[in-house]
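Heads up, the thing below is written out as structure tokens.
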Amino acid sequence: MDSTVVVGAGPAGLTAAYELARRGHPCEVFEADRVVGGISRTEERDGWRFDIGGHRFFTKVPRVEDFWNEILGEEDFLLRPRMSRIHYGGRFYDYPLRASNALRNLGVLESLRCVGSYAWARIRPPADQSTFEGWVAARFGRRLYGIFFKTYTEKVWGVPAASIQADWAAQRIRDLSLGKAIAAALTPGRNRREITSLIEEFRYPKLGPGMMWEACADRVRERGSTIHLGTRVERIRRHHGRLAVTVRHDDGENERPGVGGAVREVHCDDLISSMPLNALIRAFGPDVPDVVAEAAAGLKYRDFLTVALVVPERFSFPDNWIYIHSPEVRLGRVQNYGSWSPYLVQAGRTCLGLEYFVNEGDDLWRAPDDDLIAFGTRELERLGLVTPGSVRQGYVVRMPKAYPVYDAGYAGNVEVLRKYLDVEWPEIHPVGRNGMHRYNNQDHSMLTAMLTVENVVDGAGHDVWQVNVDAEYHEEHTGRPGTPRVTRGTGRDAPVLLADTPASG
């Protein structure tokens, strides 16, 4: 029987391992971290549980839904209301933006300026719409773009929005425009059938997303596979027609997993990789062609840290998270873990997760935990979300390589690496967000793994790179004849505009 190694124990890696195991192909899984779940883990400190980035369990992929239901029982899921708002200029805006709420907060004069800016964009659209800035400005006008898109996006990526590619906008913002929102507001009876709402509720594992992946890891082990935590892949080569994978096991003596400790070599016929795509290329050693090495070096990632602050329950809010568009703070979003699940928090108190988008090694990343807790507390007080002296305790969680960056060169670099792997390493199969350098959601990452297993076991020939290239996954229903009616969207990381009248479900 052919053998398979899986690199990474996040959603993609564990999905691949589970699919292999239940088809009678046990595997070895190597995870550099000491916990499973990747960014979909649940961190636990002193009885408090933290969801790193927030994970709504919603999908349009039936086989992913079936997978979730197979791993966890119905009693393990909560049905949670979806609510998010935007904080800008000391005010809260509905998310998605609604005309009456925006008008009340912006004022009549600023609202008219936004409409005028949109009208000008329709007459003279931006010449370059290949960037996030041009793409959004063409659909909403530069003034609305500057208020509700630019600041938050630049916090996320740490670079000017003009240098981020429109691919990210197409994936993360449904294809609405200010004009469609105005039309819907003026003629709601006709248009609300065509413009779908964001999801109003979602399922959520009661102990956080890590509950899913911890249970999945147990199932993988029960079916005969092995998961090695704290184990980093260092080298991949060929030996007598098979892959030889050198791994380093954590010896427990080092702060960073996979550093120090025992080294061994594992042989396999196929390797399913959710490790960062550039790290995979580096594992081939120094002999890769220069153009390939340069493409790998050109891929960048954005890192992420959470400052979790325990506060009295009176500072709770109903939102799952609040987007902080206010430019005077570095804070990007605030989660209220109690709004995700009461099992994440403790009686009489809640925990607010302050999310900062950073680069590994920058000032926030390197700051001591106590300094970060003090910094986050000051920012939360400055925004008026808590009163001075309310924070009781705090924790810090760092997550490297949380987001693959969609800069000007990323698409060309990924294409170079994809072709190189197809030709030179056809037995290696990239999957998932970092494995493919694609901003996949959890369900899309899982689907890439499912299709890859079918390729490995059945020779199915799926083009896994086509997963999540259809921007309509996040868009409205277009009403084209013969297309199925889609009544629910997903709710993403940037504002969308809807009519005041909610869309019918």
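Going by the structure tokens order, chains are called A, B, ..., each with residues numbered from 1, while ligands are numbered from 1 in the order shown.
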From a DSSP calculation on the backbone, collect every residue of range 379-465 of chain A in alpha helix (DSSP H) and output the set as a PyMOL selection string. chain A and resi 379-382+410-424+432-436+442-458
For range 404-421 of chain A: contacts at 8 Å, only C-alpha atoms, fewer than 3 positions along chain excluded, given as a ChimeraX atom specification: /A:157,163-165,167-168,291-292,295-296,298-302,401,424-426,428,433-434,436-439
Write the selection just made, keeping N, CA and C atoms, as a PDB file, in the first residue's frame?
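Output below, filename part.pdb:
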```pdb
ATOM      1  N   TRP A 157      -3.230  44.707   6.496  1.00  0.00           N
ATOM      2  CA  TRP A 157      -2.077  44.324   5.681  1.00  0.00           C
ATOM      3  C   TRP A 157      -0.806  45.102   5.984  1.00  0.00           C
ATOM      4  N   SER A 163      -1.527  48.958  -2.876  1.00  0.00           N
ATOM      5  CA  SER A 163      -0.591  47.886  -3.227  1.00  0.00           C
ATOM      6  C   SER A 163      -1.177  46.494  -3.009  1.00  0.00           C
ATOM      7  N   ILE A 164      -2.418  46.434  -2.500  1.00  0.00           N
ATOM      8  CA  ILE A 164      -3.105  45.153  -2.332  1.00  0.00           C
ATOM      9  C   ILE A 164      -3.905  44.867  -3.595  1.00  0.00           C
ATOM     10  N   GLN A 165      -3.884  43.634  -4.040  1.00  0.00           N
ATOM     11  CA  GLN A 165      -4.547  43.284  -5.285  1.00  0.00           C
ATOM     12  C   GLN A 165      -6.055  43.145  -5.124  1.00  0.00           C
ATOM     13  N   ASP A 167      -7.919  40.887  -6.099  1.00  0.00           N
ATOM     14  CA  ASP A 167      -8.339  39.515  -5.813  1.00  0.00           C
ATOM     15  C   ASP A 167      -8.897  39.411  -4.402  1.00  0.00           C
ATOM     16  N   TRP A 168      -8.232  40.084  -3.466  1.00  0.00           N
ATOM     17  CA  TRP A 168      -8.678  40.013  -2.080  1.00  0.00           C
ATOM     18  C   TRP A 168     -10.047  40.658  -1.926  1.00  0.00           C
ATOM     19  N   VAL A 291      14.700  31.078 -10.354  1.00  0.00           N
ATOM     20  CA  VAL A 291      13.404  31.720 -10.519  1.00  0.00           C
ATOM     21  C   VAL A 291      12.399  31.189  -9.499  1.00  0.00           C
ATOM     22  N   VAL A 292      12.527  29.919  -9.150  1.00  0.00           N
ATOM     23  CA  VAL A 292      11.643  29.310  -8.145  1.00  0.00           C
ATOM     24  C   VAL A 292      11.984  29.837  -6.755  1.00  0.00           C
ATOM     25  N   ALA A 295      10.676  33.321  -6.462  1.00  0.00           N
ATOM     26  CA  ALA A 295       9.222  33.365  -6.303  1.00  0.00           C
ATOM     27  C   ALA A 295       8.823  32.997  -4.876  1.00  0.00           C
ATOM     28  N   ALA A 296       9.479  32.000  -4.309  1.00  0.00           N
ATOM     29  CA  ALA A 296       9.180  31.610  -2.927  1.00  0.00           C
ATOM     30  C   ALA A 296       9.518  32.733  -1.961  1.00  0.00           C
ATOM     31  N   GLY A 298       9.424  35.770  -2.552  1.00  0.00           N
ATOM     32  CA  GLY A 298       8.519  36.895  -2.754  1.00  0.00           C
ATOM     33  C   GLY A 298       7.176  36.753  -2.080  1.00  0.00           C
ATOM     34  N   LEU A 299       6.860  35.568  -1.561  1.00  0.00           N
ATOM     35  CA  LEU A 299       5.583  35.390  -0.865  1.00  0.00           C
ATOM     36  C   LEU A 299       5.691  35.917   0.555  1.00  0.00           C
ATOM     37  N   LYS A 300       4.692  36.700   0.952  1.00  0.00           N
ATOM     38  CA  LYS A 300       4.709  37.326   2.278  1.00  0.00           C
ATOM     39  C   LYS A 300       3.458  36.928   3.050  1.00  0.00           C
ATOM     40  N   TYR A 301       3.569  37.014   4.366  1.00  0.00           N
ATOM     41  CA  TYR A 301       2.465  36.676   5.252  1.00  0.00           C
ATOM     42  C   TYR A 301       2.275  37.796   6.272  1.00  0.00           C
ATOM     43  N   ARG A 302       1.060  37.936   6.726  1.00  0.00           N
ATOM     44  CA  ARG A 302       0.743  38.882   7.789  1.00  0.00           C
ATOM     45  C   ARG A 302       0.492  38.071   9.052  1.00  0.00           C
ATOM     46  N   LYS A 401       2.083  33.917  10.555  1.00  0.00           N
ATOM     47  CA  LYS A 401       1.615  33.522   9.215  1.00  0.00           C
ATOM     48  C   LYS A 401       0.116  33.240   9.188  1.00  0.00           C
ATOM     49  N   GLU A 424       7.996  19.011 -11.350  1.00  0.00           N
ATOM     50  CA  GLU A 424       9.139  18.393 -10.673  1.00  0.00           C
ATOM     51  C   GLU A 424       8.750  17.554  -9.456  1.00  0.00           C
ATOM     52  N   TRP A 425       7.639  17.870  -8.823  1.00  0.00           N
ATOM     53  CA  TRP A 425       7.248  17.170  -7.591  1.00  0.00           C
ATOM     54  C   TRP A 425       5.758  16.814  -7.638  1.00  0.00           C
ATOM     55  N   PRO A 426       5.306  16.035  -8.605  1.00  0.00           N
ATOM     56  CA  PRO A 426       3.872  15.747  -8.728  1.00  0.00           C
ATOM     57  C   PRO A 426       3.310  14.949  -7.558  1.00  0.00           C
ATOM     58  N   ILE A 428       3.762  15.752  -4.499  1.00  0.00           N
ATOM     59  CA  ILE A 428       3.553  16.692  -3.399  1.00  0.00           C
ATOM     60  C   ILE A 428       2.324  17.533  -3.719  1.00  0.00           C
ATOM     61  N   ARG A 433      -4.917  27.184   3.351  1.00  0.00           N
ATOM     62  CA  ARG A 433      -4.647  28.617   3.213  1.00  0.00           C
ATOM     63  C   ARG A 433      -3.179  28.889   2.964  1.00  0.00           C
ATOM     64  N   ASN A 434      -2.329  28.510   3.875  1.00  0.00           N
ATOM     65  CA  ASN A 434      -0.900  28.784   3.699  1.00  0.00           C
ATOM     66  C   ASN A 434      -0.255  27.842   2.698  1.00  0.00           C
ATOM     67  N   MET A 436      -1.395  26.840  -0.072  1.00  0.00           N
ATOM     68  CA  MET A 436      -1.632  27.306  -1.436  1.00  0.00           C
ATOM     69  C   MET A 436      -1.458  28.826  -1.557  1.00  0.00           C
ATOM     70  N   HIS A 437      -1.118  29.479  -0.455  1.00  0.00           N
ATOM     71  CA  HIS A 437      -1.009  30.939  -0.402  1.00  0.00           C
ATOM     72  C   HIS A 437      -2.279  31.594  -0.966  1.00  0.00           C
ATOM     73  N   ARG A 438      -3.401  31.145  -0.415  1.00  0.00           N
ATOM     74  CA  ARG A 438      -4.694  31.668  -0.844  1.00  0.00           C
ATOM     75  C   ARG A 438      -5.538  31.914   0.400  1.00  0.00           C
ATOM     76  N   TYR A 439      -6.212  33.057   0.414  1.00  0.00           N
ATOM     77  CA  TYR A 439      -6.979  33.448   1.598  1.00  0.00           C
ATOM     78  C   TYR A 439      -8.272  32.623   1.668  1.00  0.00           C
TER      79      TYR A 439
END
```
I need the residue nearest Ala297 in chain A from this list: A:Pro276, A:Pro160, A:Gly53, A:Pro205. Use only C-alpha atoms for the distance.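 Going through A:Pro276, A:Pro160, A:Gly53, A:Pro205 one by one, the smallest distance to Ala297 in chain A is for A:Pro276.
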So that I can check the surroundings of Ala347 in chain A, please list as a list in words every protein, DNA and RNA residue that reaches within 10 Å of it, counting only C-alpha atoms and ignoring chain neighbours fewer than 4 positions away.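 Here the qualifying residues turn out to be Pro312, Glu313, Pro342 and Tyr343 of chain A.
Shortest separation to Val311 in chain A among A:Ile324, A:Leu243, A:Val358, A:Leu380 occurs at residue A:Leu380, atoms counted being only C-alpha atoms.
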Can you tell me which residues surround His228 in chain A at a distance of at most 7 Å, considering only C-alpha atoms, apart from same-chain residues fewer than 2 positions away, and format the answer as a PyMOL selection string? chain A and resi 29-31+226+230-231
What gap, in Å, lies between CA of Leu364 in chain A and CA of Val397 in chain A? 11.9 Å
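Here the question is which of A:Thr387, A:Asn105, A:Thr15, A:Thr4 gets nearest to Glu70 in chain A using only C-alpha atoms, and that residue is A:Thr15.
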Can you pull out the residues contacting Ser40 in chain A? Cut-off 7 Å, using only C-alpha atoms, and skip same-chain residues under 4 positions away; I want them as a VMD selection string. chain A and resid 10 52 209 to 210
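The shortest atom-to-atom distance to Glu454 in chain A, with only C-alpha atoms taken into account, belongs to A:Ala16 out of A:Leu309, A:Leu109, A:Ala16, A:Leu277.
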Do a neighbour search on Leu271 in chain A at 8 Å with only C-alpha atoms, toss out local chain neighbours closer than 2 positions, and write the hits as a PyMOL selection string. chain A and resi 4-7+243+268-269+273+427-429
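With only C-alpha atoms as the atoms that count, the residue of A:His239, A:Arg333, A:Cys27, A:Gly435 with the shortest distance to Asn278 in chain A is A:Gly435.
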Ranking A:Glu19, A:Glu360, A:Glu214, A:Asp270 by minimum distance to Met399 in chain A and counting only C-alpha atoms, which one comes first?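 When distances to Met399 in chain A are compared using only C-alpha atoms, the smallest one comes from A:Glu360.
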